[in-house]
$ cat start.tsv   # TSV, C-alpha atoms
chain	number	residue	atom	x	y	z
A	1	ARG	CA	41.40	58.68	-23.94
A	2	ASN	CA	44.69	59.24	-25.79
A	3	ALA	CA	46.40	59.21	-22.40
A	4	SER	CA	46.13	55.42	-22.50
A	5	SER	CA	48.67	55.12	-25.31
A	6	LEU	CA	51.32	56.74	-23.12
A	7	ILE	CA	50.74	54.16	-20.39
A	8	VAL	CA	51.50	51.35	-22.86
A	9	ASN	CA	54.69	53.01	-24.15
A	10	TRP	CA	56.01	53.94	-20.72
A	11	VAL	CA	55.36	50.51	-19.24
A	12	PHE	CA	57.06	48.76	-22.16
A	13	ILE	CA	60.09	51.04	-22.42
A	14	TYR	CA	60.81	52.25	-18.92
A	15	GLN	CA	59.42	49.48	-16.71
A	16	LEU	CA	59.99	46.29	-18.72
A	17	GLN	CA	63.45	47.22	-20.10
A	18	ASN	CA	63.74	43.97	-22.06
A	19	GLY	CA	63.78	44.24	-25.84
A	20	VAL	CA	62.97	40.57	-26.59
A	21	ILE	CA	60.01	40.32	-24.21
A	22	MET	CA	58.86	43.76	-25.30
A	23	GLY	CA	58.75	42.59	-28.94
A	24	LEU	CA	56.80	39.45	-28.06
A	25	LEU	CA	54.30	41.28	-25.86
A	26	THR	CA	53.86	44.02	-28.46
A	27	THR	CA	52.92	41.33	-30.98
A	28	LEU	CA	50.58	39.75	-28.45
A	29	MET	CA	49.02	43.14	-27.71
A	30	GLY	CA	48.12	43.43	-31.41
A	31	THR	CA	45.83	40.41	-31.12
A	32	ALA	CA	43.56	42.38	-28.78
A	33	SER	CA	42.29	44.38	-31.74
A	34	LEU	CA	41.56	41.16	-33.63
A	35	ILE	CA	39.41	39.90	-30.76
A	36	GLY	CA	37.43	43.13	-30.65
A	37	MET	CA	36.88	43.36	-34.40
A	38	VAL	CA	35.89	39.70	-34.81
A	39	GLY	CA	33.68	39.69	-31.74
A	40	ALA	CA	31.89	42.98	-32.45
A	41	PRO	CA	29.57	41.75	-35.26
A	42	ILE	CA	28.58	38.73	-33.16
A	43	ILE	CA	27.82	40.81	-30.05
A	44	VAL	CA	25.87	43.36	-32.13
A	45	ARG	CA	23.37	40.63	-33.05
A	46	PHE	CA	22.45	40.23	-29.40
A	47	ILE	CA	22.68	43.72	-27.88
A	48	GLY	CA	22.91	46.13	-30.83
A	49	LYS	CA	25.57	48.65	-31.83
A	50	ARG	CA	24.52	51.28	-29.28
A	51	ASN	CA	24.75	48.98	-26.26
A	52	LEU	CA	28.01	47.49	-27.48
A	53	ASN	CA	29.48	50.97	-27.89
A	54	ILE	CA	28.45	51.95	-24.36
A	55	GLY	CA	29.58	48.65	-22.87
A	56	SER	CA	32.97	48.70	-24.58
A	57	ASN	CA	33.64	52.26	-23.41
A	58	ILE	CA	32.70	51.34	-19.84
A	59	LEU	CA	34.99	48.28	-19.97
A	60	PHE	CA	37.76	50.44	-21.44
A	61	ALA	CA	37.34	52.98	-18.63
A	62	ILE	CA	37.33	50.33	-15.91
A	63	ALA	CA	40.37	48.49	-17.28
A	64	TYR	CA	42.49	51.62	-17.59
A	65	GLY	CA	41.13	52.93	-14.30
A	66	LEU	CA	42.42	49.77	-12.57
A	67	THR	CA	45.95	50.49	-13.85
A	68	PHE	CA	45.90	53.18	-11.15
A	69	PHE	CA	46.43	50.35	-8.65
A	70	SER	CA	48.70	48.08	-10.73
A	71	THR	CA	51.68	50.34	-11.42
A	72	GLY	CA	53.95	48.04	-9.42
A	73	SER	CA	53.06	44.91	-11.40
A	74	PHE	CA	53.96	44.91	-15.08
A	75	TYR	CA	52.00	41.79	-16.05
A	76	VAL	CA	48.79	42.86	-14.30
A	77	THR	CA	49.07	46.21	-16.07
A	78	PHE	CA	49.63	44.40	-19.37
A	79	VAL	CA	46.48	42.27	-18.93
A	80	LEU	CA	44.40	45.34	-18.07
A	81	ILE	CA	45.70	47.23	-21.11
A	82	TYR	CA	45.03	44.17	-23.29
A	83	ILE	CA	41.40	44.07	-22.12
A	84	ALA	CA	41.05	47.82	-22.69
A	85	ASN	CA	42.45	47.58	-26.23
A	86	ALA	CA	40.14	44.66	-27.07
A	87	ALA	CA	37.15	46.69	-25.86
A	88	ASN	CA	38.30	49.80	-27.68
A	89	SER	CA	38.81	47.98	-31.00
A	90	THR	CA	35.10	47.19	-31.25
A	91	SER	CA	34.63	50.84	-32.21
A	92	ILE	CA	36.47	50.07	-35.47
A	93	ILE	CA	33.34	48.11	-36.41
A	94	THR	CA	30.58	49.97	-34.60
A	95	GLY	CA	31.80	53.52	-35.38
A	96	PRO	CA	31.44	53.42	-39.20
A	97	ALA	CA	28.28	51.30	-38.88
A	98	ILE	CA	26.62	53.84	-36.59
A	99	ASN	CA	27.63	56.69	-38.91
A	100	ALA	CA	26.03	54.84	-41.82
A	101	ASP	CA	22.86	54.27	-39.77
A	102	ILE	CA	22.68	58.00	-39.00
A	103	LEU	CA	22.94	58.83	-42.70
A	104	ASP	CA	20.23	56.28	-43.52
A	105	TYR	CA	18.01	57.77	-40.82
A	106	HIS	CA	18.50	61.26	-42.22
A	107	GLN	CA	17.59	60.02	-45.70
A	108	TRP	CA	14.51	58.23	-44.32
A	109	LYS	CA	13.45	61.37	-42.43
A	110	THR	CA	14.11	64.01	-45.10
A	111	GLY	CA	14.37	62.12	-48.37
A	112	LYS	CA	17.86	63.54	-48.96
A	113	ARG	CA	21.24	61.81	-48.86
A	114	MET	CA	23.93	64.05	-47.31
A	115	ASP	CA	27.10	61.96	-46.99
A	116	GLY	CA	29.35	64.81	-48.12
A	117	PHE	CA	27.82	67.29	-45.71
A	118	PHE	CA	28.31	64.93	-42.76
A	119	CYS	CA	31.96	64.42	-43.74
A	120	ASN	CA	32.48	68.18	-43.61
A	121	ILE	CA	30.81	68.32	-40.20
A	122	GLY	CA	33.25	65.62	-39.05
A	123	ILE	CA	36.19	67.74	-40.16
A	124	ILE	CA	34.86	70.72	-38.21
A	125	THR	CA	34.22	68.73	-35.03
A	126	SER	CA	37.68	67.12	-35.24
A	127	VAL	CA	39.03	70.46	-34.01
A	128	VAL	CA	37.55	69.59	-30.62
A	129	GLY	CA	39.58	66.39	-30.55
A	130	MET	CA	42.72	68.28	-31.49
A	131	ALA	CA	42.10	70.77	-28.70
A	132	THR	CA	41.76	68.03	-26.07
A	133	GLY	CA	45.08	66.66	-27.30
A	134	PHE	CA	46.83	69.55	-25.54
A	135	VAL	CA	45.54	68.39	-22.14
A	136	ILE	CA	47.95	65.47	-21.76
A	137	PRO	CA	51.16	67.41	-22.56
A	138	ALA	CA	50.01	70.16	-20.20
A	139	VAL	CA	49.46	67.63	-17.41
A	140	THR	CA	52.79	65.84	-17.90
A	141	GLU	CA	54.73	69.11	-18.15
A	142	SER	CA	53.08	70.47	-15.03
A	143	TYR	CA	54.24	67.35	-13.23
A	144	GLY	CA	57.84	67.95	-14.32
A	145	LEU	CA	58.20	65.80	-17.45
A	146	LEU	CA	59.73	68.23	-19.94
A	147	THR	CA	62.61	67.09	-22.17
A	148	ASN	CA	64.44	64.63	-19.93
A	149	TYR	CA	62.46	61.40	-20.21
A	150	ASP	CA	65.10	59.44	-18.30
A	151	VAL	CA	63.23	60.38	-15.12
A	152	LEU	CA	60.64	57.78	-16.17
A	153	TYR	CA	63.11	55.06	-15.20
A	154	GLU	CA	62.39	56.04	-11.61
A	155	ALA	CA	59.53	53.80	-10.46
A	156	GLY	CA	58.03	56.36	-8.11
A	157	PHE	CA	57.97	59.20	-10.64
A	158	ARG	CA	56.68	56.92	-13.42
A	159	GLY	CA	54.05	55.37	-11.17
A	160	ASN	CA	52.60	58.72	-10.19
A	161	LEU	CA	52.36	59.82	-13.82
A	162	VAL	CA	50.75	56.53	-14.85
A	163	ARG	CA	48.14	57.01	-12.12
A	164	ILE	CA	47.34	60.48	-13.43
A	165	LEU	CA	46.99	59.11	-16.98
A	166	ALA	CA	44.83	56.26	-15.68
A	167	VAL	CA	42.41	58.78	-14.18
A	168	ILE	CA	42.34	60.78	-17.44
A	169	SER	CA	41.68	57.61	-19.47
A	170	PHE	CA	38.95	56.56	-17.04
A	171	ILE	CA	37.20	59.92	-17.39
A	172	GLY	CA	37.67	59.91	-21.17
A	173	GLY	CA	36.17	56.41	-21.52
A	174	LEU	CA	33.09	57.34	-19.51
A	175	ALA	CA	32.73	60.63	-21.40
A	176	CYS	CA	32.50	58.68	-24.67
A	177	CYS	CA	29.36	56.99	-23.33
A	178	VAL	CA	27.47	60.26	-22.95
A	179	PRO	CA	26.57	60.86	-26.64
A	180	MET	CA	25.36	57.27	-27.01
A	181	ILE	CA	22.85	57.73	-24.18
A	182	PHE	CA	20.86	59.98	-26.53
A	183	TYR	CA	21.21	57.60	-29.50
A	184	ASN	CA	17.87	55.77	-29.75
A	185	LEU	CA	18.06	54.14	-33.18
A	186	SER	CA	17.66	50.49	-32.22
A	187	GLU	CA	18.33	47.57	-34.54
A	188	LYS	CA	14.57	46.91	-34.71
A	189	LYS	CA	13.83	50.49	-35.79
A	190	LEU	CA	16.70	50.32	-38.25
A	191	ARG	CA	15.30	47.22	-39.98
A	192	VAL	CA	11.86	48.83	-40.35
A	193	MET	CA	13.46	52.02	-41.66
A	194	MET	CA	15.62	50.17	-44.20
A	195	ARG	CA	12.62	48.26	-45.57
A	196	GLU	CA	10.79	51.53	-46.10
A	197	LEU	CA	13.83	53.04	-47.86
A	198	LYS	CA	14.04	50.00	-50.13
A	199	GLN	CA	10.33	50.31	-50.87
A	200	ARG	CA	10.78	53.96	-51.83
A	201	THR	CA	13.68	53.03	-54.10
A	202	LEU	CA	11.63	50.33	-55.80
A	203	ASP	CA	8.74	52.74	-56.35
A	204	ALA	CA	11.09	55.31	-57.89
A	205	ASP	CA	12.79	52.70	-60.09
A	206	LEU	CA	9.45	51.36	-61.33
A	207	GLU	CA	8.18	54.85	-62.10
A	208	ALA	CA	11.40	55.67	-63.97
A	209	GLY	CA	11.22	52.43	-65.93
A	210	ASP	CA	14.48	51.09	-64.51
A	211	ILE	CA	12.83	47.82	-63.44
A	212	THR	CA	9.91	45.81	-64.76
A	213	GLN	CA	6.66	45.19	-62.92
A	214	GLU	CA	7.68	41.56	-62.45
A	215	GLU	CA	10.99	42.55	-60.84
A	216	TYR	CA	9.16	45.06	-58.68
A	217	ASP	CA	6.67	42.47	-57.43
A	218	GLU	CA	9.47	40.03	-56.66
A	219	LYS	CA	11.38	42.60	-54.59
A	220	VAL	CA	8.24	43.70	-52.75
A	221	LYS	CA	7.52	40.07	-51.91
A	222	GLU	CA	11.03	39.73	-50.45
A	223	LEU	CA	10.44	42.79	-48.28
A	224	ALA	CA	7.14	41.35	-47.07
A	225	GLU	CA	8.86	38.07	-46.20
A	226	GLN	CA	11.54	39.95	-44.25
A	227	GLU	CA	8.87	41.85	-42.34
A	228	ALA	CA	7.00	38.63	-41.53
A	229	GLU	CA	10.23	37.01	-40.36
A	230	ASP	CA	11.03	39.95	-38.08
A	231	LYS	CA	7.51	39.83	-36.61
A	232	ALA	CA	7.83	36.09	-35.97
A	233	LYS	CA	11.16	36.61	-34.19
A	234	GLU	CA	9.69	39.43	-32.11
A	235	GLU	CA	6.69	37.30	-31.08
A	236	LYS	CA	9.02	34.43	-30.21
A	237	ARG	CA	11.17	36.76	-28.12
A	238	LYS	CA	8.13	38.13	-26.26
A	239	ALA	CA	6.80	34.61	-25.63
A	240	LYS	CA	10.17	33.55	-24.22
A	241	LYS	CA	10.29	36.66	-22.04
A	242	ASN	CA	6.79	36.03	-20.67
A	243	LYS	CA	7.67	32.40	-20.02
A	244	ASN	CA	10.69	33.47	-17.98
A	245	LYS	CA	8.52	35.84	-15.95
A	246	ASN	CA	6.03	33.05	-15.14
A	247	PRO	CA	8.08	29.83	-14.98
A	248	LEU	CA	5.56	27.90	-12.87
A	249	GLN	CA	2.42	27.42	-14.94
A	250	PRO	CA	-0.29	24.97	-13.72
A	251	ILE	CA	-0.94	21.98	-15.93
A	252	PRO	CA	-4.45	22.20	-17.45
A	253	GLY	CA	-6.95	20.21	-15.34
A	254	THR	CA	-4.68	20.02	-12.26
A	255	GLN	CA	-5.40	23.37	-10.60
A	256	GLY	CA	-7.49	21.77	-7.86
A	257	LEU	CA	-4.89	19.04	-7.33
A	258	CYS	CA	-2.18	21.64	-6.88
A	259	THR	CA	-4.31	23.44	-4.30
A	260	ASN	CA	-4.91	20.24	-2.34
A	261	VAL	CA	-1.21	19.35	-2.44
A	262	TYR	CA	-0.40	22.83	-1.18
A	263	ARG	CA	-2.83	22.44	1.72
A	264	ILE	CA	-1.43	19.05	2.70
A	265	ASN	CA	2.20	20.18	2.44
A	266	LYS	CA	1.87	23.81	3.41
A	267	SER	CA	4.36	23.37	6.24
A	268	THR	CA	7.10	22.22	3.87
A	269	GLU	CA	9.17	24.18	1.36
A	270	TRP	CA	8.00	21.88	-1.43
A	271	GLY	CA	4.38	22.51	-0.54
A	272	LYS	CA	4.96	26.26	-0.57
A	273	LEU	CA	6.59	26.06	-4.01
A	274	VAL	CA	3.72	23.99	-5.47

$ encode --input "start.tsv" --output "structure tokens"
Amino acid sequence: RNASSLIVNWVFIYQLQNGVIMGLLTTLMGTASLIGMVGAPIIVRFIGKRNLNIGSNILFAIAYGLTFFSTGSFYVTFVLIYIANAANSTSIITGPAINADILDYHQWKTGKRMDGFFCNIGIITSVVGMATGFVIPAVTESYGLLTNYDVLYEAGFRGNLVRILAVISFIGGLACCVPMIFYNLSEKKLRVMMRELKQRTLDADLEAGDITQEEYDEKVKELAEQEAEDKAKEEKRKAKKNKNKNPLQPIPGTQGLCTNVYRINKSTEWGKLV
């Protein structure tokens, strides 16, 4: 996915060749991240962090993949890169949130909190990311881009390299979706899990004498209210879903009337619908 950053730089420097417009568009490009970061928490409420992560990576891959066909048009390329950056910036919100959810799940499953251990694992796995960083220089050098970057002023040479980077970015964006396919911690499961963790904490605090029985009862009541609220929302969602599946429900006491109307008007579209 790092190949995408080269597309932005090359388009700005070697294709645009206008310092004033480049400065304005660079500033405008920065607003893409704002859109992604502000929009991410709102979208998460509707589809969850997992689906947003998958969707944003697919949108990122498609947008950069389309730059394969837009090398001759600077502004089309700019719009595509803007969309890709907006999609990519949602990971600034969802990434840390998903990591926190994983740690909470591990604590719920084992009773142990292992933030430090997971940080060390992240350091070890970062070597993989560093290794893939050698792919792009190898590709550009094999194509003939060594030390003389002035060749990028040539539209044909630059366009071919941008197309190669577009393919790499497309593959990288789709590859980022693969781990999330196996991530099955939904927002519903997470809420249930967090209530249980809070209950365990309250039990431990009461046993240790850190809270009074009155405080304990108050907190337990809040957890029960949250659970009841979640159940009510779930029932409402299911009722709405069932209603959408069966939009035409007969009015009580009119079943026979509907049948007669159907018989009389069976040759018409309205009769068929009734």

$ closest_atom_pairs --input "start.tsv" --of "segment 19-128 of chain A" --to "segment 163-175 of chain A" --cutoff "6 Å" --atoms "all atoms listed in the file" --output "CSV"
residue,atom,partner,partner_atom,distance
A:Asn57,CA,A:Gly173,CA,5.2
A:Ala61,CA,A:Phe170,CA,4.2
A:Tyr64,CA,A:Ala166,CA,5.5
A:Gly65,CA,A:Phe170,CA,5.0
A:Phe68,CA,A:Arg163,CA,4.5

$ atom_distance --input "start.tsv" --atom1 "atom CA of Ser186 of chain A" --atom2 "atom CA of Ile123 of chain A"
26.5 Å

$ atom_distance --input "start.tsv" --atom1 "atom CA of Leu146 of chain A" --atom2 "atom CA of Asn160 of chain A"
15.4 Å

$ axis_aligned_box --input "start.tsv" --around "segment 200-216 of chain A" --padding-each-side "5 Å" --output "AutoDock Vina command-line options"
--center_x 10.6 --center_y 48.6 --center_z -58.9 --size_x 17.8 --size_y 24.1 --size_z 24.1

$ atom_distance --input "start.tsv" --atom1 "atom CA of Met193 of chain A" --atom2 "atom CA of Lys221 of chain A"
16.8 Å

$ closest_residue --input "start.tsv" --among "A:Gly39, A:Leu34, A:Leu103, A:Gly159" --to "Gly116 of chain A" --atoms "all atoms listed in the file"
A:Leu103

$ closest_residue --input "start.tsv" --among "A:Ala204, A:Val178, A:Met194, A:Ala155" --to "Ser73 of chain A" --atoms "only C-alpha atoms"
A:Ala155

$ residues_near_point --input "start.tsv" --point "(15.9, 61.7, -47.9)" --cutoff "12 Å" --atoms "all atoms listed in the file" --output "list in words"
Ile102, Leu103, Asp104, Tyr105, His106, Gln107, Trp108, Lys109, Thr110, Gly111, Lys112, Arg113, Met114, Asp115, Met193, Glu196, Leu197, Arg200 and Thr201 of chain A

$ residues_around --input "start.tsv" --residues "Phe157 of chain A" --least-positions-apart "5" --cutoff "12 Å" --atoms "only C-alpha atoms" --output "JSON, numbers by chain"
{"A": [10, 14, 15, 71, 72, 140, 143, 144, 145, 149, 150, 151, 152, 162, 163, 164]}

$ closest_residue --input "start.tsv" --among "A:Leu161, A:Ile93, A:Val44, A:Met130" --to "Ser142 of chain A" --atoms "all atoms listed in the file"
A:Leu161

$ closest_residue --input "start.tsv" --among "A:Pro179, A:Gly23, A:Pro41, A:Pro96" --to "Ile54 of chain A" --atoms "only C-alpha atoms"
A:Pro179

$ closest_atom_pairs --input "start.tsv" --of "segment 106-199 of chain A" --to "segment 230-247 of chain A" --cutoff "12 Å" --atoms "all atoms listed in the file" --output "CSV"
residue,atom,partner,partner_atom,distance
A:Glu187,CA,A:Asp230,CA,11.1
A:Lys188,CA,A:Asp230,CA,8.5
A:Lys189,CA,A:Asp230,CA,11.1
A:Leu190,CA,A:Asp230,CA,11.8
A:Arg191,CA,A:Asp230,CA,8.6
A:Val192,CA,A:Asp230,CA,9.2
A:Arg195,CA,A:Asp230,CA,11.3

$ write_last_selection --input "start.tsv" --atoms "C-alpha atoms" --output "PDB file, keeping the file's coordinate frame"
ATOM      1  CA  GLU A 187      18.330  47.570 -34.540  1.00  0.00           C
ATOM      2  CA  LYS A 188      14.570  46.910 -34.710  1.00  0.00           C
ATOM      3  CA  LYS A 189      13.830  50.490 -35.790  1.00  0.00           C
ATOM      4  CA  LEU A 190      16.700  50.320 -38.250  1.00  0.00           C
ATOM      5  CA  ARG A 191      15.300  47.220 -39.980  1.00  0.00           C
ATOM      6  CA  VAL A 192      11.860  48.830 -40.350  1.00  0.00           C
ATOM      7  CA  ARG A 195      12.620  48.260 -45.570  1.00  0.00           C
TER       8      ARG A 195
END

$ closest_residue --input "start.tsv" --among "A:Cys176, A:Lys198, A:Lys49, A:Ile181" --to "Asp101 of chain A" --atoms "all atoms listed in the file"
A:Lys49

$ residues_near_point --input "start.tsv" --point "(46.6, 41.3, -18.8)" --cutoff "12 Å" --atoms "only C-alpha atoms" --output "list in words"
Val8, Leu25, Leu28, Met29, Ala32, Ala63, Tyr64, Leu66, Thr67, Ser70, Ser73, Phe74, Tyr75, Val76, Thr77, Phe78, Val79, Leu80, Ile81, Tyr82, Ile83, Ala84, Asn85 and Ala86 of chain A

$ closest_residue --input "start.tsv" --among "A:Leu6, A:Ala138, A:Val38, A:Leu52" --to "Met180 of chain A" --atoms "all atoms listed in the file"
A:Leu52
